[in-house]
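One file, target_1.txt, is given below (compact mmCIF, C-alpha atoms and all ligand atoms).
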```txt
# COMPACT_ATOMS: atom_id res chain seq x y z
CA MET A 19 -5.39 19.45 13.28
CA LYS A 20 -7.47 21.24 10.74
CA GLY A 21 -11.20 21.05 10.57
CA ALA A 22 -13.74 19.35 8.41
CA ALA A 23 -13.24 21.67 5.45
CA THR A 24 -9.88 20.12 4.67
CA ALA A 25 -11.07 16.59 5.23
CA MET A 26 -13.98 17.13 2.86
CA GLN A 27 -11.49 17.65 0.09
CA ILE A 28 -10.56 14.02 0.03
CA ASN A 29 -13.80 13.30 -1.75
CA THR A 30 -13.66 16.09 -4.28
CA ALA A 31 -11.63 16.60 -7.39
CA THR A 32 -10.28 20.03 -6.43
CA THR A 33 -8.53 21.62 -3.51
CA THR A 34 -8.01 25.21 -2.38
CA ASP A 35 -5.88 24.19 0.58
CA PRO A 36 -3.12 26.83 0.83
CA SER A 37 -0.68 24.23 2.19
CA PHE A 38 -1.19 22.10 -0.91
CA SER A 39 2.20 22.03 -2.54
CA LEU A 40 3.83 19.27 -4.53
CA ASP A 41 7.10 19.66 -2.70
CA ASN A 42 5.78 19.79 0.83
CA PHE A 43 7.41 16.57 2.00
CA ASP A 44 7.44 17.65 5.61
CA ILE A 45 4.01 16.74 6.90
CA ASN A 46 3.42 17.50 10.59
CA ASP A 47 0.58 16.31 12.79
CA ALA A 48 -0.89 19.80 12.44
CA ASP A 49 -1.07 19.41 8.65
CA LEU A 50 -3.26 16.31 8.83
CA PRO A 51 -6.99 16.50 8.29
CA GLU A 52 -9.17 15.11 11.07
CA PHE A 53 -9.26 11.35 10.75
CA ARG A 54 -12.67 11.38 12.40
CA ASP A 55 -14.06 13.17 9.37
CA MET A 56 -13.27 10.20 7.19
CA LYS A 57 -16.68 8.76 6.43
CA PHE A 58 -16.71 5.31 4.92
CA GLU A 59 -19.74 3.19 4.31
CA ASP A 60 -19.59 -0.57 4.45
CA ILE A 61 -15.85 -0.82 3.97
CA ASN A 62 -15.70 -3.66 6.46
CA GLN A 63 -17.79 -5.92 4.21
CA LEU A 64 -16.31 -9.34 3.57
CA ALA A 65 -16.52 -10.38 -0.09
CA LEU A 66 -18.51 -13.53 -0.77
CA ASP A 67 -15.54 -15.22 -2.42
CA HIS A 68 -13.30 -14.64 0.63
CA PRO A 69 -12.06 -17.99 1.99
CA GLY A 70 -13.40 -17.00 5.45
CA ALA A 71 -16.81 -15.84 4.21
CA SER A 72 -18.73 -18.75 5.73
CA ASP A 73 -16.58 -19.10 8.85
CA GLY A 74 -18.52 -17.35 11.64
CA GLU A 75 -15.61 -17.38 14.05
CA TYR A 76 -13.30 -15.79 11.49
CA ARG A 77 -15.86 -13.11 10.68
CA THR A 78 -16.29 -12.22 14.34
CA ARG A 79 -12.55 -11.95 14.82
CA ARG A 80 -12.11 -9.88 11.67
CA ASP A 81 -14.92 -7.56 12.82
CA HIS A 82 -13.24 -7.18 16.20
CA ILE A 83 -9.91 -6.15 14.66
CA ALA A 84 -11.69 -3.87 12.20
CA GLY A 85 -13.39 -2.26 15.22
CA LEU A 86 -9.98 -1.47 16.73
CA ALA A 87 -8.94 0.15 13.45
CA LYS A 88 -12.11 2.22 13.40
CA ARG A 89 -11.38 3.43 16.93
CA PHE A 90 -8.25 5.13 15.58
CA ARG A 91 -10.39 7.72 13.85
CA GLU A 92 -11.82 8.84 17.19
CA THR A 93 -8.63 8.72 19.24
CA GLY A 94 -5.84 9.20 16.70
CA VAL A 95 -4.02 6.40 18.52
CA ILE A 96 -3.14 3.10 16.84
CA THR A 97 -4.44 0.23 18.96
CA ASP A 98 -2.17 -2.81 19.01
CA VAL A 99 -3.86 -6.09 18.17
CA ASP A 100 -3.39 -8.97 20.58
CA TYR A 101 -2.94 -11.54 17.80
CA MET A 102 -3.88 -15.12 18.65
CA GLU A 103 -1.54 -18.06 18.25
CA GLU A 104 -3.44 -19.27 15.21
CA GLU A 105 -2.96 -15.88 13.54
CA GLN A 106 0.72 -15.85 14.43
CA ASN A 107 1.04 -19.27 12.82
CA ILE A 108 -0.45 -18.04 9.55
CA TRP A 109 2.08 -15.20 9.62
CA ARG A 110 5.02 -17.53 10.28
CA VAL A 111 4.09 -19.86 7.43
CA VAL A 112 3.63 -17.06 4.92
CA ALA A 113 6.53 -14.88 6.07
CA ASN A 114 9.03 -17.76 6.03
CA ARG A 115 7.99 -18.94 2.62
CA LEU A 116 8.01 -15.47 1.13
CA GLU A 117 11.41 -14.71 2.61
CA GLU A 118 12.94 -17.63 0.74
CA ILE A 119 11.70 -16.42 -2.63
CA GLN A 120 12.33 -12.76 -1.82
CA ALA A 121 15.99 -13.46 -1.04
CA VAL A 122 16.63 -13.88 -4.76
CA LYS A 123 13.82 -11.90 -6.34
CA ALA A 124 13.21 -8.81 -4.18
CA SER A 125 14.82 -5.38 -4.53
CA LYS A 126 17.89 -4.96 -2.32
CA PHE A 127 16.43 -1.80 -0.90
CA TYR A 128 13.31 -3.65 0.12
CA LEU A 129 15.22 -6.46 1.82
CA GLN A 130 17.21 -3.98 3.89
CA ALA A 131 14.09 -1.92 4.68
CA LYS A 132 12.34 -4.94 6.13
CA LYS A 133 15.23 -5.31 8.56
CA ASP A 134 15.28 -1.59 9.33
CA LEU A 135 11.61 -1.77 10.28
CA GLY A 136 12.19 -4.79 12.49
CA ILE A 137 9.76 -6.98 10.53
CA SER A 138 10.54 -10.57 11.48
CA ASN A 139 9.11 -13.95 10.53
CA ASP A 140 8.46 -14.78 14.20
CA ARG A 141 5.49 -12.55 14.92
CA ILE A 142 3.04 -10.20 13.29
CA PRO A 143 4.39 -6.64 13.46
CA GLN A 144 2.18 -3.98 15.04
CA LEU A 145 1.28 -0.94 12.95
CA SER A 146 2.21 1.25 15.93
CA GLU A 147 5.85 0.14 15.94
CA MET A 148 6.25 0.31 12.16
CA ASN A 149 4.61 3.74 12.19
CA ARG A 150 7.10 5.06 14.75
CA ARG A 151 10.06 3.81 12.76
CA LEU A 152 8.70 5.01 9.42
CA LYS A 153 8.19 8.52 10.77
CA GLU A 154 11.84 8.61 11.81
CA LEU A 155 13.14 7.21 8.54
CA SER A 156 11.10 9.03 5.90
CA GLY A 157 8.33 11.02 7.58
CA PHE A 158 5.74 8.51 6.39
CA ARG A 159 2.93 7.31 8.64
CA LEU A 160 0.32 4.57 8.92
CA ALA A 161 -3.35 4.86 9.83
CA PRO A 162 -5.40 1.73 10.59
CA ILE A 163 -8.43 1.14 8.40
CA GLU A 164 -11.11 -1.52 8.60
CA GLY A 165 -11.40 -2.39 4.94
CA LEU A 166 -10.94 -1.54 1.30
CA VAL A 167 -11.41 2.18 0.61
CA GLU A 168 -12.45 3.68 -2.72
CA THR A 169 -9.56 4.79 -4.93
CA ARG A 170 -9.66 8.57 -4.60
CA ALA A 171 -9.93 8.55 -0.81
CA PHE A 172 -7.26 5.88 -0.38
CA LEU A 173 -4.77 7.56 -2.72
CA SER A 174 -5.53 11.04 -1.37
CA TRP A 175 -4.21 10.08 2.05
CA LEU A 176 -0.81 9.47 0.47
CA SER A 177 -0.64 13.24 -0.08
CA TRP A 178 -0.34 13.50 3.71
CA ARG A 179 2.37 10.83 3.60
CA THR A 180 -0.10 8.45 5.21
CA MET A 181 -0.98 4.94 4.18
CA LEU A 182 -4.29 3.48 5.33
CA SER A 183 -3.53 -0.03 6.48
CA THR A 184 -5.60 -3.03 7.56
CA GLN A 185 -4.65 -5.08 10.63
CA TYR A 186 -6.52 -8.35 10.32
CA ILE A 187 -4.99 -11.44 8.76
CA ARG A 188 -6.18 -13.78 5.99
CA HIS A 189 -8.08 -17.02 6.58
CA HIS A 190 -6.08 -20.05 7.76
CA SER A 191 -7.47 -22.31 5.01
CA ARG A 192 -5.59 -20.37 2.28
CA PRO A 193 -2.40 -18.91 3.77
CA GLU A 194 -1.05 -18.22 0.29
CA TYR A 195 -4.08 -16.19 -0.80
CA THR A 196 -6.24 -13.23 0.13
CA PRO A 197 -8.69 -11.35 -2.08
CA GLU A 198 -8.37 -8.24 0.12
CA PRO A 199 -5.49 -6.37 1.76
CA ASP A 200 -4.49 -7.86 5.13
CA ILE A 201 -1.60 -7.36 7.55
CA VAL A 202 0.60 -9.67 5.46
CA HIS A 203 0.01 -7.69 2.28
CA GLU A 204 0.45 -4.36 4.08
CA SER A 205 3.52 -5.11 6.17
CA ILE A 206 5.38 -7.53 3.93
CA GLY A 207 4.19 -5.93 0.70
CA HIS A 208 3.77 -2.19 1.15
CA ILE A 209 5.20 -0.77 4.32
CA PRO A 210 8.98 -1.40 3.90
CA MET A 211 9.15 0.57 0.65
CA PHE A 212 7.93 3.74 2.37
CA THR A 213 11.27 3.95 4.18
CA ASN A 214 12.77 4.92 0.80
CA ARG A 215 12.57 8.71 0.54
CA ASN A 216 12.24 8.71 -3.24
CA PHE A 217 9.51 6.10 -3.09
CA ALA A 218 7.77 7.95 -0.25
CA ASP A 219 7.89 11.24 -2.21
CA PHE A 220 6.64 9.47 -5.35
CA SER A 221 3.74 8.03 -3.31
CA GLN A 222 2.97 11.50 -2.04
CA PHE A 223 2.85 12.82 -5.62
CA ILE A 224 0.28 10.15 -6.44
CA GLY A 225 -1.68 11.35 -3.40
CA HIS A 226 -1.51 14.97 -4.54
CA GLY A 227 -2.64 13.87 -7.97
CA ALA A 228 -5.62 11.97 -6.57
CA ARG A 229 -6.83 15.08 -4.77
CA ILE A 230 -7.04 17.17 -7.94
CA ALA A 231 -7.52 14.53 -10.65
CA THR A 232 -10.46 14.41 -13.00
CA ASP A 233 -12.15 11.01 -13.12
CA LYS A 234 -10.13 10.12 -16.21
CA GLN A 235 -6.87 11.17 -14.55
CA LEU A 236 -7.83 9.17 -11.47
CA GLU A 237 -8.18 6.10 -13.63
CA GLU A 238 -4.70 6.77 -15.03
CA LEU A 239 -3.33 7.21 -11.52
CA GLY A 240 -4.87 3.88 -10.59
CA ARG A 241 -2.88 2.26 -13.41
CA LEU A 242 0.33 4.02 -12.38
CA TYR A 243 -0.24 2.79 -8.81
CA TRP A 244 -0.93 -0.73 -10.05
CA PHE A 245 2.16 -1.06 -12.25
CA THR A 246 4.48 0.47 -9.65
CA VAL A 247 3.32 0.29 -6.03
CA GLU A 248 1.62 -3.07 -6.55
CA PHE A 249 3.53 -4.74 -9.40
CA GLY A 250 6.67 -2.69 -9.94
CA MET A 251 10.07 -4.10 -10.86
CA ILE A 252 13.45 -2.40 -10.79
CA GLU A 253 16.78 -3.02 -12.48
CA GLU A 254 19.55 -3.23 -9.88
CA ASP A 255 23.15 -4.00 -10.86
CA GLY A 256 21.98 -5.42 -14.19
CA GLU A 257 19.39 -7.68 -12.60
CA ILE A 258 15.62 -7.28 -12.47
CA LYS A 259 14.09 -7.38 -8.99
CA ALA A 260 10.63 -6.86 -7.54
CA TYR A 261 9.54 -3.92 -5.37
CA GLY A 262 5.75 -3.97 -5.85
CA ALA A 263 3.61 -5.10 -2.91
CA GLY A 264 1.42 -7.38 -5.01
CA LEU A 265 4.56 -9.24 -6.09
CA LEU A 266 6.38 -9.24 -2.77
CA SER A 267 3.42 -10.56 -0.80
CA SER A 268 2.34 -13.34 -3.18
CA PHE A 269 4.33 -16.52 -3.93
CA GLY A 270 2.44 -17.07 -7.16
CA GLU A 271 2.86 -13.54 -8.53
CA LEU A 272 6.51 -13.33 -7.47
CA GLU A 273 7.39 -16.60 -9.22
CA ASN A 274 5.31 -15.73 -12.26
CA ALA A 275 6.89 -12.28 -12.66
CA PHE A 276 10.22 -13.82 -13.63
CA THR A 277 8.93 -16.38 -16.12
CA ASP A 278 8.62 -16.21 -19.89
CA LYS A 279 4.87 -15.75 -19.49
CA VAL A 280 5.50 -12.15 -18.50
CA GLU A 281 6.62 -9.34 -20.75
CA ARG A 282 8.88 -7.07 -18.70
CA ARG A 283 8.96 -3.66 -20.35
CA PRO A 284 11.10 -0.62 -19.55
CA PHE A 285 9.04 1.82 -17.48
CA ASP A 286 7.35 4.47 -19.58
CA LEU A 287 4.85 6.59 -17.69
CA GLU A 288 2.78 7.52 -20.73
CA GLN A 289 2.45 3.85 -21.66
CA VAL A 290 1.73 2.76 -18.09
CA ILE A 291 -1.15 5.18 -17.57
CA ASN A 292 -2.75 3.89 -20.75
CA THR A 293 -2.32 0.17 -20.08
CA ASP A 294 -5.30 -1.77 -18.77
CA TYR A 295 -4.89 -4.55 -16.24
CA ASP A 296 -6.99 -7.39 -14.89
CA TYR A 297 -6.62 -7.71 -11.12
CA SER A 298 -8.07 -11.22 -11.09
CA GLU A 299 -5.43 -12.73 -13.39
CA MET A 300 -1.67 -13.24 -13.13
CA GLN A 301 -0.07 -10.14 -14.65
CA PRO A 302 1.13 -10.64 -18.26
CA ILE A 303 2.92 -7.24 -18.50
CA LEU A 304 5.17 -5.64 -15.89
CA TYR A 305 7.20 -2.42 -16.01
CA VAL A 306 10.81 -2.11 -14.90
CA ILE A 307 12.16 1.18 -13.53
CA THR A 308 15.87 2.01 -13.45
CA SER A 309 15.73 3.86 -10.12
CA TYR A 310 13.25 5.13 -7.53
CA ALA A 311 14.47 8.66 -8.28
CA GLU A 312 13.48 8.18 -11.94
CA LEU A 313 10.02 7.06 -10.86
CA LYS A 314 9.66 10.07 -8.58
CA GLU A 315 10.68 12.60 -11.24
CA ALA A 316 8.50 11.10 -13.98
CA THR A 317 5.55 11.18 -11.59
CA ARG A 318 6.28 14.75 -10.51
CA LYS A 319 6.13 15.96 -14.12
CA TYR A 320 2.94 14.03 -14.73
CA ILE A 321 1.18 15.40 -11.63
CA GLU A 322 2.35 18.94 -12.42
CA SER A 323 0.49 18.63 -15.72
CA PHE A 324 -2.78 18.21 -13.75
CA GLN A 325 -2.54 21.79 -12.59
CA ASP A 326 -2.31 23.33 -16.06
FE FE B 401 -1.89 -3.25 -2.06
```

Show me, as structure tokens, the structure contained in the file I just sent.
Ligand SMILES: [Fe+2]
Amino acid sequence: MKGAATAMQINTATTTDPSFSLDNFDINDADLPEFRDMKFEDINQLALDHPGASDGEYRTRRDHIAGLAKRFRETGVITDVDYMEEEQNIWRVVANRLEEIQAVKASKFYLQAKKDLGISNDRIPQLSEMNRRLKELSGFRLAPIEGLVETRAFLSWLSWRTMLSTQYIRHHSRPEYTPEPDIVHESIGHIPMFTNRNFADFSQFIGHGARIATDKQLEELGRLYWFTVEFGMIEEDGEIKAYGAGLLSSFGELENAFTDKVERRPFDLEQVINTDYDYSEMQPILYVITSYAELKEATRKYIESFQD
């Protein structure tokens, strides 16, 4: 592993790292910065509007699991969580219900990827097992994190083909809702798509971009991420399907995406990076790609323009 100098770059807008290359899709352990140099303040804070905010028992449990995630940065080893029966029940309820809707509305690639990763409705998957499988399938990896990380740092880790991922689960009172990423959002929403090489490479381009972006470019990247990774749709065999994590992990958003209330536009990168969104509302505009390869190439050209 490299030293602190490389890790420092995640919080700056430039990099002089000689290994920094847009087409370096083959990230080895030796290429990774030291996870222990990731310094985050207060990322384990629970928002006041979180359904578990006034539940002391929930907070203690969430803190415990966040503590395990934090330990990763010292040891480099993902600690499995011994999920309780109550947590497993939340998973079963949400996973079963989502599966029903996904069967008709999710991208075919996604549905297969979920199987390839061994994600089942019966129990919460461990990051360690999904990480092993991902590495084999597309060279992508997962690193546990104890909360929501600021945009540049979060996206920058994608340049090392690494997704920071929470492990705790939402509050039992609102199984259909969470205001923050949780293991449902990560493993049902995000993780399967990283088995797609084009999608993984595209994600890595976003990561590269985040490391060298100006603040304005970072804002644009945030929009690109939002309208693709979170709320992306794809046309497959003449039908529109969902591949974005925010759609795939939310009954409400997934249903809404296919109604007349939503304008589904052909993907246009220039338009996407200039389109504002409101994360607290149902999305009124969504963008439809024709292939993951198209998304990757459009993003490559865009990120290359950062270096001019
Ligand atoms: Fe997300």

Proximity of chain A to ligand FE 401 (chain B): per-residue shortest pair, 7 Å limit, all atoms listed in the file, as CSV:
```
residue,atom,partner,partner_atom,distance
A:Pro199,CA,B:FE401,FE,6.1
A:His203,CA,B:FE401,FE,6.5
A:Glu204,CA,B:FE401,FE,6.7
A:His208,CA,B:FE401,FE,6.6
A:Glu248,CA,B:FE401,FE,5.7
A:Ala263,CA,B:FE401,FE,5.9
A:Gly264,CA,B:FE401,FE,6.1
```

Legend entry - Which of A:Val99, A:Leu66, A:Leu50, A:Leu86 sits closest to A:Trp178 [using only C-alpha atoms]: A:Leu50

Legend entry - For stretch 186-194 of chain A: contacts at 6 Å, all atoms listed in the file, fewer than 4 positions along chain excluded, given as a list of chain:residue names: A:Gly70, A:Arg80, A:Ile83, A:Asp200, A:Ile201

Legend entry - Selected residue of minimal separation from A:Ala84 among A:Thr169, A:Ser183, A:Thr317, A:Ser174, counting only C-alpha atoms: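 Of A:Thr169, A:Ser183, A:Thr317, A:Ser174, the one nearest A:Ala84 is A:Ser183, counting only C-alpha atoms.
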
Inset, instruction - Could you check which of A:Glu322, A:Asp286, A:Glu75, A:Glu273 is closest to A:Glu118, using only C-alpha atoms? - result: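 The shortest atom-to-atom distance to A:Glu118 comes from A:Glu273.
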
Inset, instruction - Check the smallest atom-to-atom distance from each of A:Pro302, A:Phe276, A:Gln222, A:Pro284 to A:Ser39 using all atoms listed in the file, then report the winner. - result: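 Ranking A:Pro302, A:Phe276, A:Gln222, A:Pro284 by distance to A:Ser39, first place goes to A:Gln222.
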
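Between A:Leu266 and the residues A:Met148, A:Leu116, A:Val306, A:Leu160, the shortest atom-to-atom distance, using all atoms listed in the file, involves A:Leu116.
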
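Counting all atoms listed in the file and comparing A:Leu239, A:Lys132, A:Glu257, A:Glu288, the residue that lies closest to A:Phe212 is A:Lys132.
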
Inset, instruction - Would you mind reading off the distance between atom CA of A:Tyr305 and atom CA of A:Ile209, one decimal, in Å? - result: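 Separation between atom CA of A:Tyr305 and atom CA of A:Ile209: 20.5 Å.
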
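Computed from the coordinates, the atom CA of A:Ile206 to atom CA of A:Gln120 distance equals 10.4 Å.
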
Inset, instruction - Would you mind listing what lies within 10 Å of A:Ser138 as a count of residues only, with only C-alpha atoms counted and same-chain residues fewer than 5 positions away left out? - result: 9

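Note that atom CA of A:Leu166 and atom CA of A:Gln144 are 19.2 Å apart.
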
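For A:Val290, the set of protein, DNA and RNA residues having any atom at most 8 Å away, when counting all atoms listed in the file and skipping those fewer than 6 positions along the same chain, is Arg241, Leu242, Phe245 and Tyr305 of chain A.
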
Legend entry - Within 9 Å of file point (-0.1, 12.1, -2.7), counting all atoms listed in the file, expressed as a ChimeraX atom specification: /A:40,173-180,219-229

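When the distance limit is 9 Å and all atoms listed in the file are what count, the residues near A:Ile163, minus those fewer than 2 positions from it on the same chain, are Ile61, Asn62, Ala84, Leu86, Ala87, Lys88, Phe90, Arg91, Ala161, Gly165, Leu166, Val167, Leu182, Ser183, Thr184 and Gln185 of chain A.
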
Would you please take stretch 207-290 of chain A of the structure in the block above and write C-alpha atoms to a file as a CSV table (one decimal), in the first residue's frame?
```csv
chain,number,residue,atom,x,y,z
A,207,GLY,CA,-29.5,-1.0,-5.0
A,208,HIS,CA,-25.8,-0.5,-5.8
A,209,ILE,CA,-23.6,-3.6,-5.5
A,210,PRO,CA,-25.0,-5.9,-8.2
A,211,MET,CA,-24.4,-3.3,-11.0
A,212,PHE,CA,-20.7,-3.3,-10.2
A,213,THR,CA,-20.4,-6.8,-11.7
A,214,ASN,CA,-21.0,-5.2,-15.1
A,215,ARG,CA,-17.6,-4.3,-16.5
A,216,ASN,CA,-18.9,-1.4,-18.5
A,217,PHE,CA,-20.7,0.0,-15.5
A,218,ALA,CA,-17.7,-0.7,-13.2
A,219,ASP,CA,-15.4,1.2,-15.7
A,220,PHE,CA,-17.9,4.0,-16.0
A,221,SER,CA,-18.0,4.3,-12.1
A,222,GLN,CA,-14.2,4.4,-12.1
A,223,PHE,CA,-14.2,7.3,-14.6
A,224,ILE,CA,-16.5,9.2,-12.3
A,225,GLY,CA,-14.0,8.5,-9.5
A,226,HIS,CA,-11.1,9.7,-11.6
A,227,GLY,CA,-13.1,12.8,-12.4
A,228,ALA,CA,-13.8,13.5,-8.8
A,229,ARG,CA,-10.1,13.5,-8.0
A,230,ILE,CA,-9.3,16.2,-10.5
A,231,ALA,CA,-12.6,18.1,-10.7
A,232,THR,CA,-13.0,21.8,-9.9
A,233,ASP,CA,-15.8,22.5,-7.5
A,234,LYS,CA,-18.1,23.3,-10.5
A,235,GLN,CA,-17.1,20.0,-12.2
A,236,LEU,CA,-17.7,18.1,-9.0
A,237,GLU,CA,-21.2,19.5,-8.9
A,238,GLU,CA,-21.8,18.3,-12.5
A,239,LEU,CA,-20.4,14.9,-11.6
A,240,GLY,CA,-22.8,14.7,-8.7
A,241,ARG,CA,-25.6,15.2,-11.2
A,242,LEU,CA,-24.2,12.6,-13.5
A,243,TYR,CA,-24.0,10.2,-10.6
A,244,TRP,CA,-27.6,11.0,-9.5
A,245,PHE,CA,-29.2,10.5,-12.9
A,246,THR,CA,-27.3,7.3,-13.6
A,247,VAL,CA,-26.0,5.4,-10.6
A,248,GLU,CA,-28.9,6.4,-8.4
A,249,PHE,CA,-31.8,7.0,-10.9
A,250,GLY,CA,-30.7,5.5,-14.2
A,251,MET,CA,-32.9,3.7,-16.7
A,252,ILE,CA,-31.9,1.7,-19.7
A,253,GLU,CA,-33.7,0.6,-22.9
A,254,GLU,CA,-33.5,-3.2,-23.3
A,255,ASP,CA,-35.2,-5.0,-26.1
A,256,GLY,CA,-37.5,-2.0,-26.7
A,257,GLU,CA,-38.5,-1.8,-23.1
A,258,ILE,CA,-37.4,0.7,-20.5
A,259,LYS,CA,-36.0,-0.8,-17.3
A,260,ALA,CA,-34.4,0.5,-14.1
A,261,TYR,CA,-30.7,0.1,-13.1
A,262,GLY,CA,-30.3,3.0,-10.7
A,263,ALA,CA,-29.9,2.1,-7.0
A,264,GLY,CA,-32.3,4.8,-5.8
A,265,LEU,CA,-35.0,3.2,-8.0
A,266,LEU,CA,-34.1,-0.5,-7.4
A,267,SER,CA,-34.1,-0.1,-3.6
A,268,SER,CA,-37.3,1.9,-3.2
A,269,PHE,CA,-40.8,0.7,-3.9
A,270,GLY,CA,-42.2,4.2,-4.2
A,271,GLU,CA,-39.5,5.5,-6.6
A,272,LEU,CA,-39.6,2.3,-8.7
A,273,GLU,CA,-43.3,2.5,-9.2
A,274,ASN,CA,-43.2,6.2,-9.8
A,275,ALA,CA,-40.5,6.0,-12.4
A,276,PHE,CA,-42.8,4.2,-14.8
A,277,THR,CA,-45.8,6.5,-14.4
A,278,ASP,CA,-47.0,9.5,-16.5
A,279,LYS,CA,-45.7,11.8,-13.7
A,280,VAL,CA,-42.2,11.2,-14.9
A,281,GLU,CA,-40.6,12.5,-18.1
A,282,ARG,CA,-38.2,9.8,-19.3
A,283,ARG,CA,-35.7,11.4,-21.6
A,284,PRO,CA,-33.0,9.9,-23.8
A,285,PHE,CA,-29.6,10.1,-22.0
A,286,ASP,CA,-27.6,13.2,-23.0
A,287,LEU,CA,-24.6,13.8,-20.9
A,288,GLU,CA,-24.4,17.5,-21.5
A,289,GLN,CA,-28.1,17.9,-20.5
A,290,VAL,CA,-27.7,15.6,-17.4
```
